[in-house]
$ cat query39.csv   # CSV, C-alpha atoms and all ligand atoms
chain,number,residue,atom,x,y,z
A,1,MET,CA,-8.4,-1.8,14.1
A,2,LYS,CA,-4.8,-2.9,14.5
A,3,MET,CA,-2.2,-0.4,13.2
A,4,THR,CA,0.8,-1.9,11.4
A,5,PHE,CA,3.8,-0.7,9.5
A,6,ARG,CA,5.6,-2.2,6.5
A,7,TRP,CA,9.2,-3.1,7.1
A,8,TYR,CA,11.6,-4.5,4.4
A,9,GLY,CA,13.9,-6.4,6.8
A,10,GLU,CA,17.4,-5.7,8.0
A,11,ASN,CA,18.4,-3.8,4.8
A,12,ASP,CA,15.5,-1.3,5.3
A,13,PRO,CA,17.0,2.0,6.3
A,14,VAL,CA,13.9,2.4,8.5
A,15,LYS,CA,14.9,0.5,11.6
A,16,LEU,CA,12.5,-1.6,13.6
A,17,GLU,CA,13.7,0.2,16.7
A,18,TYR,CA,12.4,3.5,15.1
A,19,ILE,CA,9.1,1.9,14.1
A,20,ARG,CA,8.4,0.8,17.7
A,21,GLN,CA,8.7,4.4,18.8
A,22,ILE,CA,5.7,5.5,16.7
A,23,PRO,CA,2.8,5.6,19.1
A,24,GLY,CA,0.1,3.0,18.5
A,25,ILE,CA,1.9,0.7,16.2
A,26,ASP,CA,0.9,-2.9,16.9
A,27,GLY,CA,2.7,-5.0,14.4
A,28,ILE,CA,5.0,-5.2,11.4
A,29,VAL,CA,4.1,-6.2,7.8
A,30,SER,CA,6.9,-7.9,6.0
A,31,ALA,CA,8.0,-10.7,3.7
A,32,ILE,CA,10.9,-13.0,2.9
A,33,TYR,CA,13.0,-11.2,0.3
A,34,ASP,CA,15.8,-13.7,-0.5
A,35,VAL,CA,13.7,-16.4,-2.1
A,36,PRO,CA,13.0,-16.2,-5.8
A,37,VAL,CA,9.3,-15.6,-6.8
A,38,GLY,CA,7.5,-18.9,-7.0
A,39,GLU,CA,9.7,-20.9,-4.6
A,40,VAL,CA,9.0,-22.0,-1.0
A,41,TRP,CA,9.8,-19.7,1.9
A,42,PRO,CA,11.7,-21.8,4.5
A,43,LEU,CA,9.8,-22.0,7.7
A,44,GLU,CA,13.0,-21.2,9.6
A,45,SER,CA,13.3,-17.9,7.7
A,46,LEU,CA,9.8,-17.0,8.7
A,47,GLN,CA,10.4,-18.0,12.3
A,48,LYS,CA,13.7,-16.0,12.4
A,49,LEU,CA,11.9,-12.9,11.0
A,50,LYS,CA,9.1,-13.3,13.6
A,51,ALA,CA,11.6,-13.6,16.4
A,52,ARG,CA,13.5,-10.5,15.2
A,53,ILE,CA,10.3,-8.5,15.0
A,54,GLU,CA,9.1,-9.7,18.4
A,55,SER,CA,12.5,-8.8,19.9
A,56,ALA,CA,11.6,-5.2,19.0
A,57,GLY,CA,8.3,-5.6,20.9
A,58,LEU,CA,6.1,-5.8,17.8
A,59,LYS,CA,3.9,-8.5,16.4
A,60,PHE,CA,4.3,-10.2,13.0
A,61,GLU,CA,0.8,-11.4,11.8
A,62,VAL,CA,0.6,-10.0,8.3
A,63,VAL,CA,2.7,-10.9,5.3
A,64,GLU,CA,2.9,-8.5,2.3
A,65,SER,CA,3.2,-9.9,-0.2
A,66,VAL,CA,3.6,-13.6,-1.2
A,67,PRO,CA,4.1,-12.8,-4.9
A,68,VAL,CA,2.2,-14.8,-7.5
A,69,HIS,CA,4.5,-16.1,-10.2
A,70,GLU,CA,3.8,-14.8,-13.8
A,71,ASP,CA,3.3,-18.4,-15.0
A,72,ILE,CA,0.3,-18.7,-12.7
A,73,LYS,CA,-1.2,-15.5,-14.1
A,74,LEU,CA,-0.4,-16.6,-17.6
A,75,GLY,CA,-2.0,-20.0,-17.0
A,76,LYS,CA,1.1,-21.9,-18.2
A,77,PRO,CA,1.6,-25.7,-17.5
A,78,SER,CA,4.3,-24.9,-14.9
A,79,ARG,CA,1.6,-23.3,-12.8
A,80,ASP,CA,0.7,-26.5,-10.9
A,81,ARG,CA,4.2,-26.8,-9.4
A,82,LEU,CA,4.2,-23.1,-8.6
A,83,ILE,CA,0.7,-23.3,-7.0
A,84,ALA,CA,1.8,-26.3,-4.9
A,85,ASN,CA,4.7,-24.0,-3.7
A,86,TYR,CA,2.2,-21.2,-3.0
A,87,GLN,CA,0.1,-23.6,-0.9
A,88,GLN,CA,3.2,-24.6,1.0
A,89,ASN,CA,4.0,-20.9,1.6
A,90,ILE,CA,0.5,-20.5,3.1
A,91,ARG,CA,1.1,-23.4,5.4
A,92,ASN,CA,4.5,-22.1,6.4
A,93,CYS,CA,3.2,-18.6,7.1
A,94,ALA,CA,0.5,-20.1,9.2
A,95,ALA,CA,3.0,-22.2,11.2
A,96,ALA,CA,4.9,-19.0,11.9
A,97,GLY,CA,1.8,-17.3,13.3
A,98,ILE,CA,0.7,-15.3,10.2
A,99,LYS,CA,-3.0,-14.5,10.1
A,100,VAL,CA,-3.3,-12.5,6.8
A,101,ILE,CA,-1.4,-12.8,3.5
A,102,CYS,CA,-1.6,-9.8,1.1
A,103,TYR,CA,-1.0,-10.6,-2.6
A,104,ASN,CA,-1.9,-9.2,-5.9
A,105,PHE,CA,-2.7,-10.5,-9.4
A,106,MET,CA,-1.4,-7.6,-11.5
A,107,PRO,CA,0.4,-8.9,-14.7
A,108,VAL,CA,4.1,-7.9,-14.8
A,109,PHE,CA,3.8,-4.6,-13.1
A,110,ASP,CA,3.0,-4.0,-9.5
A,111,TRP,CA,2.2,-0.4,-8.6
A,112,THR,CA,3.2,1.9,-11.4
A,113,ARG,CA,4.1,5.6,-11.3
A,114,THR,CA,5.7,8.0,-13.8
A,115,GLU,CA,7.6,9.9,-11.2
A,116,LEU,CA,9.1,8.8,-7.9
A,117,ALA,CA,10.1,12.3,-6.6
A,118,MET,CA,7.6,14.8,-7.8
A,119,GLU,CA,8.2,18.0,-5.8
A,120,LEU,CA,5.2,19.4,-3.9
A,121,PRO,CA,4.9,23.2,-3.1
A,122,ASP,CA,6.1,22.5,0.5
A,123,GLY,CA,9.3,21.0,-0.8
A,124,SER,CA,8.5,17.4,0.0
A,125,THR,CA,8.6,14.8,-2.8
A,126,THR,CA,6.1,12.2,-3.7
A,127,LEU,CA,5.1,9.4,-6.1
A,128,SER,CA,3.0,10.5,-9.0
A,129,PHE,CA,1.3,9.2,-12.1
A,130,ASP,CA,0.8,11.2,-15.2
A,131,ALA,CA,-1.9,9.6,-17.4
A,132,ALA,CA,-0.5,11.1,-20.6
A,133,ALA,CA,3.1,10.3,-19.9
A,134,ILE,CA,2.6,6.6,-19.0
A,135,GLU,CA,2.1,5.4,-22.5
A,136,LYS,CA,5.3,7.2,-23.5
A,137,LEU,CA,7.4,5.4,-21.0
A,138,ASP,CA,10.3,3.6,-22.7
A,139,LEU,CA,10.1,-0.1,-21.7
A,140,SER,CA,12.9,-1.1,-24.0
A,141,LYS,CA,15.4,-0.5,-21.2
A,142,GLY,CA,13.6,-2.7,-18.7
A,143,ILE,CA,11.9,-1.3,-15.7
A,144,SER,CA,12.4,-1.3,-12.0
A,145,LEU,CA,10.5,0.5,-9.2
A,146,PRO,CA,11.6,0.3,-5.5
A,147,GLY,CA,9.0,-1.6,-3.5
A,148,TRP,CA,8.3,-4.1,-6.2
A,149,ASP,CA,9.0,-7.8,-5.6
A,150,SER,CA,10.7,-8.1,-9.0
A,151,SER,CA,12.4,-5.9,-11.5
A,152,TYR,CA,12.9,-6.8,-15.2
A,153,GLN,CA,15.7,-6.7,-17.7
A,154,ALA,CA,14.8,-5.4,-21.1
A,155,ASP,CA,14.8,-8.8,-22.8
A,156,GLN,CA,12.9,-10.5,-20.0
A,157,LEU,CA,10.3,-7.8,-20.1
A,158,ARG,CA,9.8,-8.0,-23.9
A,159,ALA,CA,9.3,-11.8,-23.6
A,160,LEU,CA,6.8,-11.5,-20.9
A,161,LEU,CA,4.8,-8.8,-22.7
A,162,ASP,CA,4.7,-11.0,-25.8
A,163,GLU,CA,3.4,-13.9,-23.7
A,164,TYR,CA,0.6,-11.7,-22.3
A,165,ALA,CA,-0.4,-10.5,-25.7
A,166,ALA,CA,-2.8,-13.5,-25.9
A,167,VAL,CA,-4.2,-13.1,-22.4
A,168,GLY,CA,-7.2,-10.8,-22.2
A,169,GLU,CA,-9.3,-10.0,-19.1
A,170,GLU,CA,-11.5,-13.1,-19.3
A,171,GLN,CA,-8.5,-15.4,-19.6
A,172,LEU,CA,-6.8,-13.6,-16.6
A,173,TRP,CA,-10.0,-14.2,-14.6
A,174,ALA,CA,-10.0,-17.8,-15.6
A,175,ASN,CA,-6.4,-18.1,-14.4
A,176,LEU,CA,-7.3,-16.4,-11.2
A,177,GLU,CA,-10.2,-18.8,-10.6
A,178,TYR,CA,-7.9,-21.8,-11.1
A,179,PHE,CA,-5.4,-20.3,-8.6
A,180,LEU,CA,-8.1,-19.4,-6.0
A,181,LYS,CA,-9.8,-22.8,-6.2
A,182,ALA,CA,-6.4,-24.3,-5.4
A,183,ILE,CA,-5.2,-22.0,-2.6
A,184,ILE,CA,-8.3,-20.9,-0.7
A,185,PRO,CA,-9.1,-24.4,0.8
A,186,VAL,CA,-5.5,-24.5,2.0
A,187,ALA,CA,-5.8,-21.1,3.5
A,188,GLU,CA,-9.1,-22.1,5.2
A,189,GLU,CA,-7.5,-25.2,6.7
A,190,ALA,CA,-4.5,-23.2,7.9
A,191,ASN,CA,-6.7,-20.5,9.3
A,192,VAL,CA,-5.1,-17.8,7.2
A,193,LYS,CA,-7.0,-15.0,5.4
A,194,MET,CA,-5.9,-14.2,1.8
A,195,ALA,CA,-6.2,-10.5,1.0
A,196,MET,CA,-6.0,-9.5,-2.6
A,197,HIS,CA,-4.5,-6.0,-3.2
A,198,PRO,CA,-6.3,-4.1,-6.0
A,199,ASP,CA,-4.6,-3.0,-9.1
A,200,ASP,CA,-2.6,0.2,-8.8
A,201,PRO,CA,-3.5,2.3,-10.6
A,202,PRO,CA,-6.9,0.7,-11.3
A,203,ARG,CA,-6.7,0.7,-15.0
A,204,PRO,CA,-5.0,-1.4,-17.8
A,205,ILE,CA,-1.4,-0.3,-18.5
A,206,PHE,CA,0.9,-1.0,-21.4
A,207,GLY,CA,-2.0,-3.0,-23.0
A,208,LEU,CA,-1.9,-5.5,-20.1
A,209,PRO,CA,-5.2,-6.6,-18.6
A,210,ARG,CA,-6.0,-5.6,-15.0
A,211,ILE,CA,-9.0,-7.1,-13.3
A,212,VAL,CA,-9.2,-5.8,-9.7
A,213,LYS,CA,-10.1,-2.2,-10.4
A,214,ASN,CA,-13.5,-1.4,-9.0
A,215,ARG,CA,-16.6,-2.6,-7.0
A,216,ASP,CA,-17.8,-5.1,-9.6
A,217,ASP,CA,-14.3,-6.7,-9.9
A,218,LEU,CA,-14.1,-7.1,-6.1
A,219,ALA,CA,-17.6,-8.5,-6.0
A,220,ARG,CA,-16.7,-11.1,-8.7
A,221,LEU,CA,-13.4,-11.9,-6.9
A,222,VAL,CA,-15.0,-12.7,-3.5
A,223,LYS,CA,-17.6,-14.9,-5.2
A,224,ILE,CA,-15.2,-17.1,-7.1
A,225,VAL,CA,-14.7,-19.0,-3.9
A,226,ASP,CA,-17.3,-18.0,-1.3
A,227,SER,CA,-15.2,-18.2,1.8
A,228,LEU,CA,-14.1,-15.8,4.4
A,229,ALA,CA,-10.5,-16.8,3.6
A,230,ASN,CA,-11.0,-15.3,0.1
A,231,GLY,CA,-10.8,-11.6,1.0
A,232,ILE,CA,-9.3,-8.3,0.0
A,233,THR,CA,-6.7,-5.7,1.0
A,234,LEU,CA,-8.8,-2.5,0.6
A,235,CYS,CA,-6.2,0.0,-0.6
A,236,SER,CA,-7.8,3.4,-0.5
A,237,GLY,CA,-5.1,5.1,-2.5
A,238,SER,CA,-5.1,2.5,-5.3
A,239,LEU,CA,-8.8,2.3,-5.8
A,240,GLY,CA,-9.2,6.0,-5.0
A,241,ALA,CA,-7.1,6.9,-8.0
A,242,ASP,CA,-10.3,6.3,-10.0
A,243,LEU,CA,-12.8,8.9,-8.8
A,244,CYS,CA,-15.7,6.6,-9.7
A,245,ASN,CA,-14.7,4.3,-6.9
A,246,ASN,CA,-16.4,5.3,-3.6
A,247,ILE,CA,-14.1,4.0,-1.0
A,248,GLU,CA,-16.6,4.5,1.9
A,249,ALA,CA,-19.1,2.4,0.1
A,250,LEU,CA,-16.6,-0.3,-0.7
A,251,VAL,CA,-15.7,-0.5,3.0
A,252,ARG,CA,-19.3,-0.8,3.9
A,253,GLU,CA,-20.1,-3.5,1.3
A,254,PHE,CA,-17.0,-5.7,1.6
A,255,GLY,CA,-16.3,-4.9,5.3
A,256,GLY,CA,-19.9,-5.7,6.0
A,257,MET,CA,-19.4,-9.1,4.4
A,258,GLY,CA,-16.3,-9.7,6.6
A,259,ARG,CA,-14.1,-9.8,3.5
A,260,ILE,CA,-11.7,-6.9,4.2
A,261,HIS,CA,-8.7,-8.4,6.0
A,262,PHE,CA,-6.3,-5.6,5.6
A,263,GLY,CA,-6.8,-1.9,5.0
A,264,HIS,CA,-4.2,0.2,3.2
A,265,LEU,CA,-4.9,3.8,4.3
A,266,ARG,CA,-3.5,6.5,2.1
A,267,ASN,CA,-4.7,9.6,0.3
A,268,VAL,CA,-4.3,10.6,-3.3
A,269,ALA,CA,-4.8,13.9,-5.1
A,270,VAL,CA,-6.6,13.0,-8.4
A,271,GLU,CA,-7.1,15.0,-11.5
A,272,PRO,CA,-9.9,14.7,-14.0
A,273,ASP,CA,-7.8,12.9,-16.6
A,274,GLY,CA,-6.8,10.2,-14.1
A,275,SER,CA,-3.4,11.6,-13.2
A,276,PHE,CA,-2.6,11.7,-9.5
A,277,HIS,CA,0.0,12.2,-6.9
A,278,GLU,CA,0.2,10.6,-3.5
A,279,SER,CA,-0.6,13.4,-1.0
A,280,ALA,CA,-0.1,13.4,2.8
A,281,HIS,CA,-2.6,11.2,4.6
A,282,LEU,CA,-4.6,14.2,5.9
A,283,SER,CA,-7.9,14.5,4.2
A,284,CYS,CA,-7.6,18.1,3.0
A,285,THR,CA,-4.4,17.4,1.1
A,286,GLY,CA,-6.0,14.9,-1.3
A,287,SER,CA,-9.2,13.7,-2.9
A,288,LEU,CA,-10.2,11.2,-0.2
A,289,ASP,CA,-12.0,11.9,3.1
A,290,MET,CA,-10.0,9.7,5.5
A,291,ALA,CA,-12.4,10.5,8.4
A,292,ARG,CA,-15.4,9.2,6.5
A,293,ILE,CA,-13.5,6.1,5.3
A,294,LEU,CA,-12.5,5.3,8.9
A,295,ARG,CA,-16.0,5.9,10.1
A,296,ALA,CA,-17.2,3.3,7.6
A,297,TYR,CA,-14.7,0.9,9.0
A,298,HIS,CA,-16.0,1.6,12.4
A,299,GLU,CA,-19.6,1.1,11.3
A,300,VAL,CA,-18.9,-2.4,10.0
A,301,GLY,CA,-17.2,-3.3,13.3
A,302,PHE,CA,-13.8,-3.7,11.6
A,303,GLU,CA,-11.2,-5.3,13.9
A,304,GLY,CA,-8.6,-6.2,11.3
A,305,TYR,CA,-5.2,-4.9,10.3
A,306,VAL,CA,-4.5,-1.6,8.6
A,307,ARG,CA,-1.4,0.3,7.8
A,308,PRO,CA,-0.5,3.7,6.4
A,309,ASP,CA,0.5,3.1,2.8
A,310,HIS,CA,3.1,5.1,1.0
A,311,GLY,CA,4.3,8.4,2.4
A,312,ARG,CA,6.0,11.4,0.9
A,313,MET,CA,9.7,12.1,1.5
A,314,ILE,CA,10.0,14.8,4.1
A,315,TRP,CA,12.6,16.4,6.4
A,316,GLY,CA,15.5,15.5,4.1
A,317,GLU,CA,14.9,11.8,4.4
A,318,THR,CA,16.2,9.7,1.5
A,319,GLY,CA,15.7,6.0,0.7
A,320,LYS,CA,13.0,3.9,-0.9
A,321,PRO,CA,10.4,6.3,-2.4
A,322,GLY,CA,7.1,5.9,-0.7
A,323,TYR,CA,8.6,3.9,2.2
A,324,GLY,CA,10.4,6.4,4.3
A,325,LEU,CA,9.8,6.6,8.1
A,326,TYR,CA,8.6,10.2,8.8
A,327,ASP,CA,5.6,10.7,6.6
A,328,ARG,CA,4.3,7.2,7.1
A,329,ALA,CA,4.7,7.7,10.9
A,330,LEU,CA,2.7,10.9,10.6
A,331,GLY,CA,0.1,9.0,8.7
A,332,ALA,CA,-0.1,6.3,11.3
A,333,VAL,CA,-0.5,8.8,14.1
A,334,TYR,CA,-3.1,10.8,12.2
A,335,LEU,CA,-5.1,7.7,11.4
A,336,ASN,CA,-5.0,6.5,15.0
A,337,GLY,CA,-6.2,10.0,16.1
A,338,LEU,CA,-9.2,9.8,13.8
A,339,TRP,CA,-9.9,6.3,15.0
A,340,GLU,CA,-9.8,7.2,18.7
A,341,ALA,CA,-12.3,10.1,18.1
A,342,ILE,CA,-14.6,8.0,15.9
A,343,THR,CA,-14.7,5.0,18.2
A,344,LYS,CA,-15.3,7.3,21.2
A,345,PHE,CA,-18.0,9.4,19.7
A,346,VAL,CA,-19.7,7.6,16.8
A,347,PRO,CA,-21.9,4.6,17.7
A,348,ALA,CA,-20.8,1.4,15.8
A,349,ASN,CA,-23.2,0.0,13.2
A,350,SER,CA,-25.0,3.4,13.0
A,351,GLU,CA,-26.7,4.0,9.8
A,352,GLN,CA,-25.8,7.7,9.9
A,353,LYS,CA,-23.9,7.6,6.6
A,354,ASP,CA,-24.2,11.2,5.8
A,355,ALA,CA,-24.7,13.1,9.0
A,356,ALA,CA,-24.2,16.7,8.1
B,401,LIG,C1,0.5,0.0,-3.2
B,401,LIG,C2,1.3,-0.8,-2.3
B,401,LIG,C3,1.8,-2.1,-3.1
B,401,LIG,C4,1.3,-3.4,-2.5
B,401,LIG,C5,1.4,-4.6,-3.3
B,401,LIG,C6,0.6,-5.7,-2.7
B,401,LIG,O1,-0.5,0.6,-2.9
B,401,LIG,O2,0.6,-1.1,-1.2
B,401,LIG,O3,3.2,-2.1,-3.1
B,401,LIG,O4,2.1,-3.6,-1.4
B,401,LIG,O5,1.0,-4.4,-4.6
B,401,LIG,O6,0.8,-6.9,-3.3
B,402,MN,MN,-1.7,-0.4,-1.1
$ encode --input "query39.csv" --output "structure tokens" --more "lines below"
Ligand code: DNO
Ligand code: MN
Amino acid sequence: MKMTFRWYGENDPVKLEYIRQIPGIDGIVSAIYDVPVGEVWPLESLQKLKARIESAGLKFEVVESVPVHEDIKLGKPSRDRLIANYQQNIRNCAAAGIKVICYNFMPVFDWTRTELAMELPDGSTTLSFDAAAIEKLDLSKGISLPGWDSSYQADQLRALLDEYAAVGEEQLWANLEYFLKAIIPVAEEANVKMAMHPDDPPRPIFGLPRIVKNRDDLARLVKIVDSLANGITLCSGSLGADLCNNIEALVREFGGMGRIHFGHLRNVAVEPDGSFHESAHLSCTGSLDMARILRAYHEVGFEGYVRPDHGRMIWGETGKPGYGLYDRALGAVYLNGLWEAITKFVPANSEQKDAA
């Protein structure tokens, strides 16, 4: 397991020099942020970013995300040009030493929350999702969340939602298939692993289809092109927001197939109606058992990349909600601690799934 940390580039208030001081961080996960969605990332920009990250003593082997243009998800005629650009992005990433590309196929909205600074009893704040409040959100003013690759003006958003009105789940699957059949062979040739991030939260929102929500969706996804290059980012917090998803079992199944290329490790405290908030990484603060999840990774012999996902805002820190330094650093150290204990004391490939 290689522990990484997401960094948003020089404008990120969390400095690379701070990240390198977190014990056990091996690499940085980042992206090119000054190229519009759908266009080609210049190789020089990737090489410059790599050199900068390496100057801080860290590796740059994972990109998150190369965003997929809405026209590809909508299946519009312009998709062929955009897919050719995406193929070029895969080649350019490979040329800059990237091994894994995280991406998602969520229409319009990436991760969605109803509150960015919900106060917890200890005074920290966190991202939260209120299942009843979501449908009441006023989209007429446009919407923007920090951490997204794009934000939308009100008129743009209305036009996009209208276009999606005709696209149901099956059409979205067909558009995904068209995309995967075009990009996975390129990824194979470039020796890059594509890692689809699941929908967050794992349910349709605002009437938009979402197709990467559970075990059956993941199984369908990896079969569309049966290649190791067609893999997933197993985000425990995204999938874990639906209590029907058993994260340990998903790790065993898809990790066992060698299809998990990137693990997002975070905890969520989930309520019966599907509302949730992002808790600290520690198991007892949320609904997920992080020790058991990591044990499952160990059992399947996982050697890929992971990162702590979002963190709370603690110790007076301000900045991009979910992407502060302190709580994510605590998460990384905690997860590394669990991993050290598990790898020392639990035999790999053991079948002891439920040892008391
Ligand atoms: C949510 C986060 C997301 C993720 C992108 C990947 O759990 O990890 O921001 O980075 O959706 O494409
Ligand atoms: Mn995630």
$ residues_around --input "query39.csv" --residues "Val192 of chain A" --least-positions-apart "4" --cutoff "12 Å" --atoms "all atoms listed in the file" --output "ChimeraX atom specification"
/A:61-63,87,89-102,183-188,227-231,261
$ closest_residue --input "query39.csv" --among "A:Ala195, A:Val37, A:Ala166, A:Ile28" --to "ligand LIG 401 (chain B)" --atoms "all atoms listed in the file"
A:Ala195
$ residues_near_ligand --input "query39.csv" --ligand "ligand LIG 401 (chain B)" --cutoff "6 Å" --atoms "all atoms listed in the file" --output "list of chain:residue names"
A:Ser65, A:Cys102, A:Tyr103, A:Asn104, A:Asp110, A:Trp111, A:Gly147, A:His197, A:Ser238, A:Asp309
$ residues_near_ligand --input "query39.csv" --ligand "ligand MN 402 (chain B)" --cutoff "10 Å" --atoms "all atoms listed in the file" --output "JSON, numbers by chain"
{"A": [64, 102, 111, 197, 198, 199, 200, 233, 234, 235, 236, 237, 238, 239, 262, 263, 264, 265, 266, 307, 308, 309, 310]}
$ residues_around --input "query39.csv" --residues "Ala132 of chain A" --least-positions-apart "5" --cutoff "12 Å" --atoms "all atoms listed in the file" --output "list in words"
Arg113, Thr114, Leu137, Ile205, Glu271, Asp273, Gly274, Ser275 and Phe276 of chain A
$ atom_distance --input "query39.csv" --atom1 "atom CA of Arg20 of chain A" --atom2 "atom CA of Gly286 of chain A"
27.7 Å
$ closest_residue --input "query39.csv" --among "A:Ala249, A:Leu120, A:Met313, A:Met106" --to "Lys213 of chain A" --atoms "all atoms listed in the file"
A:Met106
$ closest_residue --input "query39.csv" --among "A:Phe109, A:Tyr334, A:Tyr323, A:Phe206" --to "Pro13 of chain A" --atoms "only C-alpha atoms"
A:Tyr323
$ atom_distance --input "query39.csv" --atom1 "atom CA of Val346 of chain A" --atom2 "atom CA of Gly258 of chain A"
20.4 Å
$ residues_around --input "query39.csv" --residues "Ile224 of chain A" --least-positions-apart "2" --cutoff "8 Å" --atoms "all atoms listed in the file" --output "mmCIF file with C-alpha atoms, in the frame of the given file"
data_model
loop_
_atom_site.group_PDB
_atom_site.id
_atom_site.type_symbol
_atom_site.label_atom_id
_atom_site.label_comp_id
_atom_site.auth_asym_id
_atom_site.auth_seq_id
_atom_site.Cartn_x
_atom_site.Cartn_y
_atom_site.Cartn_z
ATOM 1 C CA GLU A 177 -10.200 -18.800 -10.600
ATOM 2 C CA LEU A 180 -8.100 -19.400 -6.000
ATOM 3 C CA LYS A 181 -9.800 -22.800 -6.200
ATOM 4 C CA ARG A 220 -16.700 -11.100 -8.700
ATOM 5 C CA LEU A 221 -13.400 -11.900 -6.900
ATOM 6 C CA VAL A 222 -15.000 -12.700 -3.500
ATOM 7 C CA ASP A 226 -17.300 -18.000 -1.300
#
$ closest_residue --input "query39.csv" --among "A:Asp155, A:Pro42, A:Gly27, A:Phe179" --to "Ala84 of chain A" --atoms "only C-alpha atoms"
A:Phe179
$ atom_distance --input "query39.csv" --atom1 "atom CA of Gly331 of chain A" --atom2 "atom CA of Trp315 of chain A"
14.7 Å
$ closest_residue --input "query39.csv" --among "A:Ile293, A:Val270, A:Met196, A:Leu330" --to "Phe129 of chain A" --atoms "only C-alpha atoms"
A:Val270
$ closest_residue --input "query39.csv" --among "A:Gln47, A:Gly123, A:Gly75, A:Arg259" --to "Gln171 of chain A" --atoms "only C-alpha atoms"
A:Gly75
$ axis_aligned_box --input "query39.csv" --around "segment 232-241 of chain A" --padding-each-side "8 Å" --output "lines of an AutoDock Vina configuration file"
center_x = -7.2
center_y = -0.7
center_z = -3.5
size_x = 20.2
size_y = 31.2
size_z = 25.0
$ decode --input "query39.csv" --residues "segment 183-206 of chain A" --atoms "C-alpha atoms" --output "PDB file, in the first residue's frame"
ATOM      1  CA  ILE A 183      -9.839   4.781 -24.001  1.00  0.00           C
ATOM      2  CA  ILE A 184      -8.998   1.453 -22.332  1.00  0.00           C
ATOM      3  CA  PRO A 185      -6.907   0.145 -25.277  1.00  0.00           C
ATOM      4  CA  VAL A 186      -4.944   3.405 -25.161  1.00  0.00           C
ATOM      5  CA  ALA A 187      -4.432   3.045 -21.412  1.00  0.00           C
ATOM      6  CA  GLU A 188      -3.268  -0.561 -21.907  1.00  0.00           C
ATOM      7  CA  GLU A 189      -0.747   0.503 -24.500  1.00  0.00           C
ATOM      8  CA  ALA A 190       0.486   3.379 -22.334  1.00  0.00           C
ATOM      9  CA  ASN A 191       0.641   1.112 -19.260  1.00  0.00           C
ATOM     10  CA  VAL A 192      -1.716   3.360 -17.291  1.00  0.00           C
ATOM     11  CA  LYS A 193      -4.507   2.050 -15.069  1.00  0.00           C
ATOM     12  CA  MET A 194      -7.844   3.838 -15.270  1.00  0.00           C
ATOM     13  CA  ALA A 195      -9.624   4.004 -11.902  1.00  0.00           C
ATOM     14  CA  MET A 196     -13.279   5.025 -11.912  1.00  0.00           C
ATOM     15  CA  HIS A 197     -14.389   6.861  -8.783  1.00  0.00           C
ATOM     16  CA  PRO A 198     -17.885   5.831  -7.669  1.00  0.00           C
ATOM     17  CA  ASP A 199     -20.802   8.219  -7.447  1.00  0.00           C
ATOM     18  CA  ASP A 200     -20.883  10.319  -4.330  1.00  0.00           C
ATOM     19  CA  PRO A 201     -23.365  10.002  -2.760  1.00  0.00           C
ATOM     20  CA  PRO A 202     -24.259   6.685  -4.403  1.00  0.00           C
ATOM     21  CA  ARG A 203     -27.764   7.611  -5.503  1.00  0.00           C
ATOM     22  CA  PRO A 204     -29.439   9.654  -8.252  1.00  0.00           C
ATOM     23  CA  ILE A 205     -29.639  13.365  -7.433  1.00  0.00           C
ATOM     24  CA  PHE A 206     -31.767  16.138  -8.953  1.00  0.00           C
TER      25      PHE A 206
END
